[in-house]
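Report on the following structure.
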Amino acid sequence: MSGAIATLLCMRGDTPTALALRAIRSTAASLAPGDLLVLRVDGGTLDDPGRFRAAAAPARLVLREAAEGRGLAHGLNQLLEEVLRDPAIGLIARMDADDESLPGRMERQRRFLAEHPEVDILGTACHEVDEHGAYLQLKCMPLGHRAIVAALPRSNPLNHPTVMLRRRVFDSGLRYREDVKRTEDYHLWISAAGAGFVFANLPEPLLNFQRDSGFFRRRGGWQQAWADLHVRLRAMRELALFSAPNLAWAAAAFGLRLLPAALQKWLYRQLR
């Protein structure tokens with residue numbers, strides 16, 4: 001048996017309640033009694049915790065509220081320390097408060113991991129939708145371990161909100177880096193690959209990922225360009241994947257982050 005699932009969500013205090021409830025309800029729909037849905041609210045409190053507990057059924061909601069937000073990586077690491085104290089937890093899943101799990105997501109991932117004991121970290125494809133729920137495009141990822149590791153110098157090969165991991169990944173001491181910007185999951189995959197953990201992605205989309213109108217604006221500029229270049233160079237260095245094509249890709253991606261948001265958006269559609 002793989003053990004119970006603990007699904008980790010971090011939400012800002014100003015996240016619309018309707019979005020957060022949708023995220024919880026859609027995820028809990030394929031959880032089971034004994035599973036946990038662990039919610040951290042950064043910089044605020046819930047007006048009606050009872051609605052959130054009801055939305056989490058049949059899983060049990062564990063609510064943690066922090067007066068001050070210190071970022072996603074810090075919040076996730078705090079939740080990890082808590083759930084790892086529970087020996088019944090065998091799988092740790094991710095979810096974002098503005099996304100929506102599609103029917104059967106958690107059960108499909110639980111079943112795959114039960115059938116493939118060699119796989120440690122499992123993601124899925126996802127649908128990208130706008131803030132109104134309109135379909136934008138399908139975001140597919142490389143499926144097998146070798147293809148996923150080979151992709152690390154060029155792009156993040158897992159959709160973070162879709163990921164389910166065995167607890168042994170975190171029992172090994174791995175955690176999210178708190179000193180990086182919007183690349184904490186990317187760095188985790190590099191560390192996990194270097195430690196010998198095995199990856200896979202399911203080809204079917206099991207999540208609606210919200211890509212709102214400010215998505216590319218938030219991910220542009222010098223700071224993000226340098227952060228992205230740093231993580232790609234780290235993948236090449238630590239995984240011995242330096243090559244001329246990988247270096248050229250990293251340089252092109254650096255330039256892409258400096259383009260106007262509208263042009264980034266157009267190129268993203270073409271390249272995906």
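In the structure tokens, the first chain shown is A, the next is B, and so on; residue numbers restart at 1 for each chain, and ligands run from 1 in the order shown.
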
All strand (DSSP E) positions in segment 54-91 of chain A, as a VMD selection string: chain A and resid 60 to 66 89 to 91

So that I have them on file, write out the residues from the current selection with N, CA, C and O atoms, as a PDB file, in the first residue's frame.
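What landed in part22.pdb:
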```pdb
ATOM      1  N   ARG A  60      -9.969  14.977   5.290  1.00  0.00           N
ATOM      2  CA  ARG A  60     -10.006  15.872   6.446  1.00  0.00           C
ATOM      3  C   ARG A  60      -9.174  17.114   6.166  1.00  0.00           C
ATOM      4  O   ARG A  60      -8.033  17.002   5.709  1.00  0.00           O
ATOM      5  N   LEU A  61      -9.750  18.266   6.405  1.00  0.00           N
ATOM      6  CA  LEU A  61      -9.039  19.525   6.199  1.00  0.00           C
ATOM      7  C   LEU A  61      -8.213  19.862   7.432  1.00  0.00           C
ATOM      8  O   LEU A  61      -8.706  19.857   8.554  1.00  0.00           O
ATOM      9  N   VAL A  62      -6.939  20.149   7.199  1.00  0.00           N
ATOM     10  CA  VAL A  62      -6.053  20.667   8.236  1.00  0.00           C
ATOM     11  C   VAL A  62      -5.750  22.111   7.864  1.00  0.00           C
ATOM     12  O   VAL A  62      -5.180  22.384   6.809  1.00  0.00           O
ATOM     13  N   LEU A  63      -6.161  23.051   8.705  1.00  0.00           N
ATOM     14  CA  LEU A  63      -6.049  24.478   8.406  1.00  0.00           C
ATOM     15  C   LEU A  63      -4.957  25.116   9.242  1.00  0.00           C
ATOM     16  O   LEU A  63      -4.925  24.961  10.466  1.00  0.00           O
ATOM     17  N   ARG A  64      -4.071  25.850   8.567  1.00  0.00           N
ATOM     18  CA  ARG A  64      -3.031  26.606   9.235  1.00  0.00           C
ATOM     19  C   ARG A  64      -3.061  28.034   8.688  1.00  0.00           C
ATOM     20  O   ARG A  64      -3.039  28.244   7.479  1.00  0.00           O
ATOM     21  N   GLU A  65      -3.100  28.995   9.577  1.00  0.00           N
ATOM     22  CA  GLU A  65      -3.170  30.401   9.186  1.00  0.00           C
ATOM     23  C   GLU A  65      -1.940  31.134   9.711  1.00  0.00           C
ATOM     24  O   GLU A  65      -1.562  30.975  10.878  1.00  0.00           O
ATOM     25  N   ALA A  66      -1.310  31.899   8.823  1.00  0.00           N
ATOM     26  CA  ALA A  66      -0.100  32.640   9.176  1.00  0.00           C
ATOM     27  C   ALA A  66      -0.368  34.127   9.013  1.00  0.00           C
ATOM     28  O   ALA A  66      -0.911  34.560   7.987  1.00  0.00           O
ATOM     29  N   ILE A  89       0.870   8.908   6.319  1.00  0.00           N
ATOM     30  CA  ILE A  89       0.986   9.586   5.029  1.00  0.00           C
ATOM     31  C   ILE A  89       2.087   8.929   4.206  1.00  0.00           C
ATOM     32  O   ILE A  89       3.245   8.864   4.615  1.00  0.00           O
ATOM     33  N   GLY A  90       1.710   8.447   3.036  1.00  0.00           N
ATOM     34  CA  GLY A  90       2.677   7.827   2.130  1.00  0.00           C
ATOM     35  C   GLY A  90       2.898   8.614   0.860  1.00  0.00           C
ATOM     36  O   GLY A  90       3.920   8.445   0.185  1.00  0.00           O
ATOM     37  N   LEU A  91       1.937   9.475   0.502  1.00  0.00           N
ATOM     38  CA  LEU A  91       2.008  10.256  -0.725  1.00  0.00           C
ATOM     39  C   LEU A  91       1.719  11.713  -0.404  1.00  0.00           C
ATOM     40  O   LEU A  91       0.841  12.011   0.411  1.00  0.00           O
TER      41      LEU A  91
END
```

Selection near Leu102 of chain A, 6 Å with only C-alpha atoms, sequence-local residues under 3 positions removed, as a VMD selection string: chain A and resid 105 206 to 207

Excluding Gly255 of chain A and any residue of its chain fewer than 6 positions from it, enumerate the residues within 12 Å of it, using only C-alpha atoms, and give them as a CSV table (one decimal) with N, CA and C atoms, in the first residue's frame.
```csv
chain,number,residue,atom,x,y,z
A,220,GLY,N,8.1,38.2,-16.3
A,220,GLY,CA,9.1,38.9,-17.1
A,220,GLY,C,10.0,39.7,-16.3
A,221,GLY,N,11.0,40.3,-17.0
A,221,GLY,CA,11.9,41.2,-16.3
A,221,GLY,C,13.2,40.6,-16.0
A,222,TRP,N,14.2,41.4,-15.6
A,222,TRP,CA,15.5,41.0,-15.4
A,222,TRP,C,15.6,40.0,-14.3
A,224,GLN,N,13.5,37.8,-13.1
A,224,GLN,CA,13.0,36.5,-13.4
A,224,GLN,C,13.9,35.8,-14.5
A,225,ALA,N,14.4,36.7,-15.4
A,225,ALA,CA,15.3,36.1,-16.4
A,225,ALA,C,16.6,35.5,-15.8
A,226,TRP,N,17.1,36.2,-14.8
A,226,TRP,CA,18.3,35.7,-14.2
A,226,TRP,C,18.0,34.4,-13.4
A,228,ASP,N,15.7,32.2,-14.0
A,228,ASP,CA,15.5,31.1,-14.9
A,228,ASP,C,16.9,30.6,-15.5
A,229,LEU,N,17.7,31.6,-15.8
A,229,LEU,CA,19.1,31.2,-16.3
A,229,LEU,C,19.8,30.4,-15.2
A,248,ALA,N,22.4,27.3,-25.8
A,248,ALA,CA,21.7,28.2,-26.7
A,248,ALA,C,20.3,28.3,-26.3
A,249,TRP,N,19.6,27.3,-25.9
A,249,TRP,CA,18.2,27.3,-25.4
A,249,TRP,C,18.1,28.2,-24.2
A,263,LEU,N,4.3,39.9,-26.5
A,263,LEU,CA,5.2,39.1,-27.4
A,263,LEU,C,5.5,37.8,-26.7
A,264,GLN,N,5.8,37.8,-25.4
A,264,GLN,CA,6.1,36.6,-24.7
A,264,GLN,C,4.9,35.6,-24.9
A,267,LEU,N,4.8,34.1,-28.4
A,267,LEU,CA,5.8,33.1,-28.6
A,267,LEU,C,5.5,31.8,-27.8
```

Residue set, segment 22-189 of chain A restricted to helix (DSSP H, G or I), as an MDAnalysis selection string: chainID A and resid 22:28 49:56 72:83 105:115 145:151 160:162 167:171 184:189

Among the residues A:Asn156, A:Thr124, A:Thr17, A:Asn246, the one that comes closest to Pro203 of chain A [using only C-alpha atoms]: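 Between A:Asn156, A:Thr124, A:Thr17, A:Asn246, the residue approaching Pro203 of chain A most closely is A:Thr124.
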